>>> print(open('structure_14.cif').read())   # mmCIF, C-alpha atoms; chains and numbers go by the auth columns
data_my_file
#
loop_
_atom_site.group_PDB
_atom_site.id
_atom_site.type_symbol
_atom_site.label_atom_id
_atom_site.label_comp_id
_atom_site.label_asym_id
_atom_site.label_seq_id
_atom_site.Cartn_x
_atom_site.Cartn_y
_atom_site.Cartn_z
_atom_site.B_iso_or_equiv
_atom_site.auth_seq_id
_atom_site.auth_asym_id
ATOM 1 C CA PHE A 1 48.058 68.081 117.291 0.00 1 G
ATOM 2 C CA GLY A 2 49.744 69.590 114.264 0.00 2 G
ATOM 3 C CA TRP A 3 51.147 72.462 116.336 0.00 3 G
ATOM 4 C CA ILE A 4 52.868 70.659 119.212 0.00 4 G
ATOM 5 C CA GLY A 5 55.367 68.242 117.646 0.00 5 G
ATOM 6 C CA ASP A 6 58.897 68.611 116.316 0.00 6 G
ATOM 7 C CA ILE A 7 58.804 65.366 114.317 0.00 7 G
ATOM 8 C CA TYR A 8 55.755 63.690 112.769 0.00 8 G
ATOM 9 C CA ILE A 9 55.763 60.111 111.460 0.00 9 G
ATOM 10 C CA THR A 10 52.990 59.411 109.001 0.00 10 G
ATOM 11 C CA MET A 11 51.831 56.239 107.274 0.00 11 G
ATOM 12 C CA GLU A 12 49.348 58.008 105.022 0.00 12 G
ATOM 13 C CA ASP A 13 49.076 56.408 101.596 0.00 13 G
ATOM 14 C CA GLY A 14 48.678 58.956 98.860 0.00 14 G
ATOM 15 C CA GLN A 15 50.241 62.021 97.331 0.00 15 G
ATOM 16 C CA SER A 16 49.142 64.669 99.833 0.00 16 G
ATOM 17 C CA LEU A 17 48.990 65.167 103.592 0.00 17 G
ATOM 18 C CA SER A 18 45.893 65.680 105.690 0.00 18 G
ATOM 19 C CA GLY A 19 45.011 66.616 109.272 0.00 19 G
ATOM 20 C CA GLY A 20 47.778 67.212 111.780 0.00 20 G
ATOM 21 C CA ALA A 21 50.564 66.182 109.388 0.00 21 G
ATOM 22 C CA ALA A 22 49.485 68.862 106.901 0.00 22 G
ATOM 23 C CA THR A 23 49.525 71.498 109.650 0.00 23 G
ATOM 24 C CA ALA A 24 52.945 70.292 110.779 0.00 24 G
ATOM 25 C CA LYS A 25 54.338 70.579 107.252 0.00 25 G
ATOM 26 C CA ALA A 26 52.953 74.110 106.893 0.00 26 G
ATOM 27 C CA ARG A 27 54.873 75.268 109.982 0.00 27 G
ATOM 28 C CA ASN A 28 58.067 73.474 108.827 0.00 28 G
ATOM 29 C CA ALA A 29 58.072 70.673 111.390 0.00 29 G
ATOM 30 C CA VAL A 30 59.864 67.488 110.318 0.00 30 G
ATOM 31 C CA VAL A 31 57.453 65.067 108.640 0.00 31 G
ATOM 32 C CA LEU A 32 58.719 61.533 107.982 0.00 32 G
ATOM 33 C CA PRO A 33 56.560 59.633 105.479 0.00 33 G
ATOM 34 C CA LEU A 34 56.624 55.846 105.550 0.00 34 G
ATOM 35 C CA CYS A 35 55.104 55.819 102.091 0.00 35 G
ATOM 36 C CA GLY A 36 57.023 56.220 98.830 0.00 36 G
ATOM 37 C CA GLN A 37 54.290 58.156 97.043 0.00 37 G
ATOM 38 C CA LEU A 38 53.992 60.700 99.824 0.00 38 G
ATOM 39 C CA GLN A 39 57.736 61.386 99.806 0.00 39 G
ATOM 40 C CA ASP A 40 57.349 63.092 96.436 0.00 40 G
ATOM 41 C CA ALA A 41 55.018 65.649 98.029 0.00 41 G
ATOM 42 C CA LEU A 42 57.442 66.543 100.829 0.00 42 G
ATOM 43 C CA CYS A 43 60.800 68.289 101.035 0.00 43 G
ATOM 44 C CA LYS A 44 63.595 66.292 102.634 0.00 44 G
ATOM 45 C CA PRO A 45 64.890 68.006 105.797 0.00 45 G
ATOM 46 C CA GLU A 46 68.463 69.261 105.347 0.00 46 G
ATOM 47 C CA PHE A 47 69.872 67.101 108.134 0.00 47 G
ATOM 48 C CA VAL A 48 68.398 63.897 106.657 0.00 48 G
ATOM 49 C CA THR A 49 70.556 62.073 104.092 0.00 49 G
ATOM 50 C CA ASP A 50 69.273 60.911 100.719 0.00 50 G
ATOM 51 C CA LEU A 51 69.773 57.300 101.797 0.00 51 G
ATOM 52 C CA GLN A 52 67.791 57.803 105.013 0.00 52 G
ATOM 53 C CA TRP A 53 64.988 59.516 103.118 0.00 53 G
ATOM 54 C CA SER A 54 64.661 56.758 100.532 0.00 54 G
ATOM 55 C CA SER A 55 64.882 54.061 103.230 0.00 55 G
ATOM 56 C CA LEU A 56 61.861 55.387 105.126 0.00 56 G
ATOM 57 C CA SER A 57 59.525 53.539 102.779 0.00 57 G
ATOM 58 C CA ASP A 58 61.480 50.272 103.106 0.00 58 G
ATOM 59 C CA PRO A 59 59.729 48.103 105.743 0.00 59 G
ATOM 60 C CA GLU A 60 62.990 46.340 106.588 0.00 60 G
ATOM 61 C CA HIS A 61 64.863 49.536 107.425 0.00 61 G
ATOM 62 C CA SER A 62 62.268 52.191 108.269 0.00 62 G
ATOM 63 C CA VAL A 63 62.269 51.676 112.063 0.00 63 G
ATOM 64 C CA ALA A 64 66.059 51.920 112.333 0.00 64 G
ATOM 65 C CA VAL A 65 66.124 54.956 110.033 0.00 65 G
ATOM 66 C CA VAL A 66 63.442 56.766 112.051 0.00 66 G
ATOM 67 C CA LEU A 67 65.495 56.210 115.222 0.00 67 G
ATOM 68 C CA GLU A 68 68.605 57.607 113.495 0.00 68 G
ATOM 69 C CA ILE A 69 66.750 60.702 112.332 0.00 69 G
ATOM 70 C CA VAL A 70 65.201 61.360 115.746 0.00 70 G
ATOM 71 C CA LYS A 71 68.651 61.183 117.379 0.00 71 G
ATOM 72 C CA GLU A 72 70.239 63.435 114.766 0.00 72 G
ATOM 73 C CA TYR A 73 67.441 65.983 115.106 0.00 73 G
ATOM 74 C CA GLN A 74 68.643 66.741 118.647 0.00 74 G
ATOM 75 C CA HIS A 75 71.720 68.433 117.152 0.00 75 G
ATOM 76 C CA THR A 76 69.873 70.616 114.634 0.00 76 G
ATOM 77 C CA PRO A 77 69.513 74.406 115.063 0.00 77 G
ATOM 78 C CA ALA A 78 65.759 73.971 115.627 0.00 78 G
ATOM 79 C CA ALA A 79 66.326 71.568 118.525 0.00 79 G
ATOM 80 C CA ILE A 80 69.079 73.731 120.052 0.00 80 G
ATOM 81 C CA ALA A 81 66.810 76.781 119.872 0.00 81 G
ATOM 82 C CA LYS A 82 63.930 74.905 121.470 0.00 82 G
ATOM 83 C CA ARG A 83 66.090 73.722 124.402 0.00 83 G
ATOM 84 C CA LEU A 84 67.403 77.241 124.930 0.00 84 G
ATOM 85 C CA ARG A 85 63.898 78.699 124.914 0.00 85 G
ATOM 86 C CA SER A 86 62.912 76.116 127.511 0.00 86 G
ATOM 87 C CA GLU A 87 65.842 77.176 129.707 0.00 87 G
ATOM 88 C CA LEU A 88 64.905 80.836 129.388 0.00 88 G
ATOM 89 C CA GLY A 89 61.307 80.042 130.268 0.00 89 G
ATOM 90 C CA HIS A 90 58.503 79.959 127.735 0.00 90 G
ATOM 91 C CA ALA A 91 56.761 82.783 129.582 0.00 91 G
ATOM 92 C CA SER A 92 59.751 85.062 128.939 0.00 92 G
ATOM 93 C CA THR A 93 59.812 87.586 126.131 0.00 93 G
ATOM 94 C CA VAL A 94 63.091 87.104 124.258 0.00 94 G
ATOM 95 C CA VAL A 95 64.433 90.282 122.663 0.00 95 G
ATOM 96 C CA CYS A 96 67.310 89.907 120.191 0.00 96 G
ATOM 97 C CA MET A 97 69.496 92.879 119.296 0.00 97 G
ATOM 98 C CA MET A 98 71.150 92.888 115.865 0.00 98 G
ATOM 99 C CA GLY A 99 73.371 95.309 113.982 0.00 99 G
ATOM 100 C CA GLY A 100 76.672 96.093 112.362 0.00 100 G
ATOM 101 C CA GLN A 101 79.955 94.926 113.861 0.00 101 G
ATOM 102 C CA THR A 102 81.431 98.273 112.856 0.00 102 G
ATOM 103 C CA LEU A 103 79.327 101.423 113.013 0.00 103 G
ATOM 104 C CA SER A 104 79.132 103.399 109.790 0.00 104 G
ATOM 105 C CA ARG A 105 76.957 106.305 110.843 0.00 105 G
ATOM 106 C CA ALA A 106 77.511 109.042 113.371 0.00 106 G
ATOM 107 C CA GLY A 107 75.004 108.867 116.163 0.00 107 G
ATOM 108 C CA THR A 108 74.345 105.124 115.974 0.00 108 G
ATOM 109 C CA GLU A 109 76.306 104.373 119.158 0.00 109 G
ATOM 110 C CA GLN A 110 74.361 106.947 121.170 0.00 110 G
ATOM 111 C CA LEU A 111 71.105 105.668 119.704 0.00 111 G
ATOM 112 C CA VAL A 112 71.929 102.085 120.747 0.00 112 G
ATOM 113 C CA LYS A 113 72.744 103.284 124.279 0.00 113 G
ATOM 114 C CA ALA A 114 69.501 105.267 124.471 0.00 114 G
ATOM 115 C CA ILE A 115 67.415 102.286 123.287 0.00 115 G
ATOM 116 C CA ALA A 116 69.195 99.997 125.767 0.00 116 G
ATOM 117 C CA ALA A 117 68.646 102.380 128.675 0.00 117 G
ATOM 118 C CA LYS A 118 64.919 102.647 127.966 0.00 118 G
ATOM 119 C CA LEU A 119 64.512 98.906 127.451 0.00 119 G
ATOM 120 C CA PHE A 120 66.417 97.886 130.583 0.00 120 G
ATOM 121 C CA GLU A 121 64.545 100.493 132.611 0.00 121 G
ATOM 122 C CA GLY A 122 61.203 99.391 131.196 0.00 122 G
ATOM 123 C CA VAL A 123 61.610 95.656 131.838 0.00 123 G
ATOM 124 C CA VAL A 124 62.365 95.892 135.560 0.00 124 G
ATOM 125 C CA GLY A 125 60.108 93.331 137.200 0.00 125 G
ATOM 126 C CA SER A 126 59.234 91.657 133.893 0.00 126 G
ATOM 127 C CA THR A 127 60.404 88.351 132.408 0.00 127 G
ATOM 128 C CA ALA A 128 62.118 89.875 129.361 0.00 128 G
ATOM 129 C CA VAL A 129 65.514 88.439 128.401 0.00 129 G
ATOM 130 C CA PHE A 130 67.959 89.986 125.921 0.00 130 G
ATOM 131 C CA VAL A 131 70.056 87.823 123.598 0.00 131 G
ATOM 132 C CA THR A 132 73.131 88.699 121.533 0.00 132 G
ATOM 133 C CA GLU A 133 75.602 86.680 119.454 0.00 133 G
ATOM 134 C CA GLY A 134 78.567 87.962 121.435 0.00 134 G
ATOM 135 C CA ILE A 135 79.969 89.962 118.528 0.00 135 G
ATOM 136 C CA PRO A 136 81.438 93.515 118.435 0.00 136 G
ATOM 137 C CA GLY A 137 79.568 96.633 117.435 0.00 137 G
ATOM 138 C CA VAL A 138 75.869 97.218 118.064 0.00 138 G
ATOM 139 C CA GLN A 139 75.351 94.079 120.168 0.00 139 G
ATOM 140 C CA LYS A 140 78.303 94.736 122.471 0.00 140 G
ATOM 141 C CA ILE A 141 77.332 98.381 122.999 0.00 141 G
ATOM 142 C CA PHE A 142 73.811 97.243 123.838 0.00 142 G
ATOM 143 C CA ALA A 143 74.866 94.477 126.267 0.00 143 G
ATOM 144 C CA GLU A 144 77.324 96.703 128.129 0.00 144 G
ATOM 145 C CA GLN A 145 74.484 99.011 129.170 0.00 145 G
ATOM 146 C CA CYS A 146 72.808 96.277 131.225 0.00 146 G
ATOM 147 C CA HIS A 147 73.841 96.072 134.881 0.00 147 G
ATOM 148 C CA ASP A 148 71.749 92.949 135.552 0.00 148 G
ATOM 149 C CA HIS A 149 73.799 90.069 134.114 0.00 149 G
ATOM 150 C CA SER A 150 70.841 87.697 134.379 0.00 150 G
ATOM 151 C CA ARG A 151 68.991 89.731 131.762 0.00 151 G
ATOM 152 C CA VAL A 152 71.542 89.172 128.971 0.00 152 G
ATOM 153 C CA LEU A 153 72.506 85.909 127.285 0.00 153 G
ATOM 154 C CA ASN A 154 75.337 85.835 124.754 0.00 154 G
ATOM 155 C CA LEU A 155 74.932 82.945 122.292 0.00 155 G
ATOM 156 C CA LEU A 156 78.356 81.733 121.090 0.00 156 G
ATOM 157 C CA HIS A 157 79.807 79.064 118.825 0.00 157 G
ATOM 158 C CA THR A 158 82.761 76.778 119.510 0.00 158 G
ATOM 159 C CA GLY A 159 86.069 78.665 119.409 0.00 159 G
ATOM 160 C CA GLN A 160 84.430 82.091 119.489 0.00 160 G
ATOM 161 C CA SER A 161 85.964 84.678 121.781 0.00 161 G
ATOM 162 C CA CYS A 162 83.677 87.178 123.441 0.00 162 G
ATOM 163 C CA GLY A 163 84.947 90.352 125.070 0.00 163 G
ATOM 164 C CA TYR A 164 81.683 91.232 126.766 0.00 164 G
ATOM 165 C CA GLN A 165 81.766 92.155 130.450 0.00 165 G
ATOM 166 C CA ARG A 166 78.009 91.696 130.748 0.00 166 G
ATOM 167 C CA GLY A 167 75.706 88.731 130.457 0.00 167 G
ATOM 168 C CA THR A 168 75.957 84.962 130.566 0.00 168 G
ATOM 169 C CA HIS A 169 78.018 83.269 127.844 0.00 169 G
ATOM 170 C CA ARG A 170 76.601 80.049 126.361 0.00 170 G
ATOM 171 C CA ILE A 171 78.557 78.031 123.787 0.00 171 G
ATOM 172 C CA LEU A 172 75.798 76.031 122.092 0.00 172 G
ATOM 173 C CA CYS A 173 76.682 76.055 118.382 0.00 173 G
ATOM 174 C CA LYS A 174 79.383 74.411 116.295 0.00 174 G
ATOM 175 C CA ASP A 175 80.095 77.356 113.984 0.00 175 G
ATOM 176 C CA GLU A 176 79.017 80.860 112.968 0.00 176 G
ATOM 177 C CA SER A 177 76.421 79.646 110.462 0.00 177 G
ATOM 178 C CA GLU A 178 74.671 77.473 113.043 0.00 178 G
ATOM 179 C CA ARG A 179 74.823 80.264 115.619 0.00 179 G
ATOM 180 C CA GLN A 180 73.095 82.660 113.229 0.00 180 G
ATOM 181 C CA GLU A 181 70.391 80.111 112.464 0.00 181 G
ATOM 182 C CA VAL A 182 69.733 79.400 116.146 0.00 182 G
ATOM 183 C CA PHE A 183 69.715 83.146 116.869 0.00 183 G
ATOM 184 C CA GLY A 184 67.043 83.589 114.204 0.00 184 G
ATOM 185 C CA LEU A 185 64.860 80.949 115.854 0.00 185 G
ATOM 186 C CA ILE A 186 64.821 81.944 119.513 0.00 186 G
ATOM 187 C CA GLY A 187 63.584 85.522 119.622 0.00 187 G
ATOM 188 C CA ASP A 188 60.121 87.009 119.923 0.00 188 G
ATOM 189 C CA ILE A 189 61.315 90.507 118.991 0.00 189 G
ATOM 190 C CA TYR A 190 64.332 91.525 116.883 0.00 190 G
ATOM 191 C CA ILE A 191 65.678 95.087 116.892 0.00 191 G
ATOM 192 C CA THR A 192 68.102 95.976 114.094 0.00 192 G
ATOM 193 C CA LEU A 193 70.436 98.944 113.689 0.00 193 G
ATOM 194 C CA GLU A 194 72.640 99.215 110.594 0.00 194 G
ATOM 195 C CA GLY A 195 74.010 95.757 109.733 0.00 195 G
ATOM 196 C CA SER A 196 75.061 93.823 106.640 0.00 196 G
ATOM 197 C CA VAL A 197 73.723 90.890 104.634 0.00 197 G
ATOM 198 C CA GLY A 198 73.945 88.561 107.637 0.00 198 G
ATOM 199 C CA VAL A 199 71.664 90.799 109.699 0.00 199 G
ATOM 200 C CA GLY A 200 69.183 90.973 106.847 0.00 200 G
ATOM 201 C CA ARG A 201 69.193 87.195 106.436 0.00 201 G
ATOM 202 C CA VAL A 202 68.500 86.513 110.122 0.00 202 G
ATOM 203 C CA ALA A 203 65.815 89.220 110.252 0.00 203 G
ATOM 204 C CA THR A 204 64.074 87.774 107.199 0.00 204 G
ATOM 205 C CA ALA A 205 64.069 84.252 108.680 0.00 205 G
ATOM 206 C CA ALA A 206 62.709 85.542 111.993 0.00 206 G
ATOM 207 C CA HIS A 207 59.967 87.519 110.238 0.00 207 G
ATOM 208 C CA LYS A 208 58.897 84.494 108.179 0.00 208 G
ATOM 209 C CA ARG A 209 58.269 82.437 111.316 0.00 209 G
ATOM 210 C CA GLY A 210 56.177 85.220 112.846 0.00 210 G
ATOM 211 C CA ALA A 211 58.635 87.054 115.096 0.00 211 G
ATOM 212 C CA ALA A 212 58.382 90.853 115.320 0.00 212 G
ATOM 213 C CA VAL A 213 61.254 92.602 113.511 0.00 213 G
ATOM 214 C CA LEU A 214 61.785 96.274 114.350 0.00 214 G
ATOM 215 C CA PRO A 215 64.337 97.918 112.022 0.00 215 G
ATOM 216 C CA VAL A 216 65.581 101.349 113.120 0.00 216 G
ATOM 217 C CA LEU A 217 65.301 102.857 109.642 0.00 217 G
ATOM 218 C CA ARG A 218 67.364 105.967 110.285 0.00 218 G
ATOM 219 C CA THR A 219 70.511 103.856 110.777 0.00 219 G
ATOM 220 C CA GLY A 220 70.387 102.565 107.181 0.00 220 G
ATOM 221 C CA LEU A 221 72.032 99.506 105.549 0.00 221 G
ATOM 222 C CA ALA A 222 70.255 96.223 106.449 0.00 222 G
ATOM 223 C CA SER A 223 67.961 98.119 108.836 0.00 223 G
ATOM 224 C CA THR A 224 66.208 99.984 106.039 0.00 224 G
ATOM 225 C CA GLY A 225 63.477 97.356 106.231 0.00 225 G
#
>>> encode(input="structure_14.cif", output="structure tokens")
Amino acid sequence: FGWIGDIYITMEDGQSLSGGAATAKARNAVVLPLCGQLQDALCKPEFVTDLQWSSLSDPEHSVAVVLEIVKEYQHTPAAIAKRLRSELGHASTVVCMMGGQTLSRAGTEQLVKAIAAKLFEGVVGSTAVFVTEGIPGVQKIFAEQCHDHSRVLNLLHTGQSCGYQRGTHRILCKDESERQEVFGLIGDIYITLEGSVGVGRVATAAHKRGAAVLPVLRTGLASTG
């Protein structure tokens, strides 16, 4: 029970969680406590306001506040990522390519092309899908090697231009920060070559939730592991 929900509403009275709610908290699901004491033991989700959080334990307002929070959750990066994973098919293996927008080392471009060729050749007949953020550099080089457009999805944010000739473009995020967060939530495997702080941040977040992160060490920078 603690593994299947996005939002848990608990009426436990005390200072600690038990059962499914405790499991949900451990995997960072949203837990809404209708008990003032229990609120002190939980971290308020970022998208929930201070007023909403304090009102959860008010019997006169708690129902309305819960409805507000459930509606607002639909626009969070976690909810966007979940809907996208559902579209891609939960049986699919989602591979995310990350790297620098400008290449700093000789040989990186050829290495990206070689990795792409082997991956695209190896997944023929499989359910693997490749996701990029539609940005220049490593991701564009990688995407352009794929001749099957259905294999590549380019995750974009509002107002972002994408010069890719390959893949399906999906504008699902409001800005770059949200796009990076969603990108860090959807993949099963992340491959990194070179890259800056942003690449390192996304890779760290993906690793913490249990995704496999494969840094190509020889390319340096954020991909040094």
>>> residues_around(input="structure_14.cif", residues="region 71-78 of chain G", least_positions_apart="3", cutoff="8 Å", atoms="only C-alpha atoms", output="VMD selection string")
chain G and resid 47 67 to 68 81 to 82 178 to 179 181 to 182 185
>>> residues_near_point(input="structure_14.cif", point="(46.1, 64.3, 114.8)", cutoff="12 Å", atoms="all atoms listed in the file", output="list in words")
Phe1, Gly2, Trp3, Ile4, Gly5, Tyr8, Ile9, Thr10, Leu17, Ser18, Gly19, Gly20, Ala21, Ala22, Thr23 and Ala24 of chain G
>>> resolve_selection(input="structure_14.cif", expression="the PyMOL selection byres ((chain G and resi 196) around 8)", output="PDB file with C-alpha atoms, keeping the file's coordinate frame")
ATOM      1  CA  GLY G  99      73.371  95.309 113.982  1.00  0.00           C
ATOM      2  CA  GLY G 100      76.672  96.093 112.362  1.00  0.00           C
ATOM      3  CA  GLU G 194      72.640  99.215 110.594  1.00  0.00           C
ATOM      4  CA  GLY G 195      74.010  95.757 109.733  1.00  0.00           C
ATOM      5  CA  VAL G 197      73.723  90.890 104.634  1.00  0.00           C
ATOM      6  CA  GLY G 198      73.945  88.561 107.637  1.00  0.00           C
ATOM      7  CA  VAL G 199      71.664  90.799 109.699  1.00  0.00           C
ATOM      8  CA  GLY G 200      69.183  90.973 106.847  1.00  0.00           C
ATOM      9  CA  LEU G 221      72.032  99.506 105.549  1.00  0.00           C
ATOM     10  CA  ALA G 222      70.255  96.223 106.449  1.00  0.00           C
TER      11      ALA G 222
END
>>> resolve_selection(input="structure_14.cif", expression="the PyMOL selection byres ((chain G and resi 164) around 8)", output="JSON list (two decimals) with C-alpha atoms, in the coordinates of the input")
[["chain", "number", "residue", "atom", "x", "y", "z"],
["G", 134, "GLY", "CA", 78.57, 87.96, 121.44],
["G", 140, "LYS", "CA", 78.30, 94.74, 122.47],
["G", 143, "ALA", "CA", 74.87, 94.48, 126.27],
["G", 144, "GLU", "CA", 77.32, 96.70, 128.13],
["G", 162, "CYS", "CA", 83.68, 87.18, 123.44],
["G", 163, "GLY", "CA", 84.95, 90.35, 125.07],
["G", 165, "GLN", "CA", 81.77, 92.16, 130.45],
["G", 166, "ARG", "CA", 78.01, 91.70, 130.75],
["G", 167, "GLY", "CA", 75.71, 88.73, 130.46]]
>>> residues_around(input="structure_14.cif", residues="region 49-65 of chain G", least_positions_apart="6", cutoff="12 Å", atoms="only C-alpha atoms", output="PyMOL selection string")
chain G and resi 9-13+30-40+42-43+71-72
>>> resolve_selection(input="structure_14.cif", expression="the PyMOL selection byres ((chain G and resi 170) around 7)", output="PyMOL selection string")
chain G and resi 154-156+168-169+171-172
>>> atom_distance(input="structure_14.cif", atom1="CA of His90 (chain G)", atom2="CA of Ala128 (chain G)")
10.7 Å
>>> atom_distance(input="structure_14.cif", atom1="CA of His149 (chain G)", atom2="CA of Met97 (chain G)")
15.7 Å
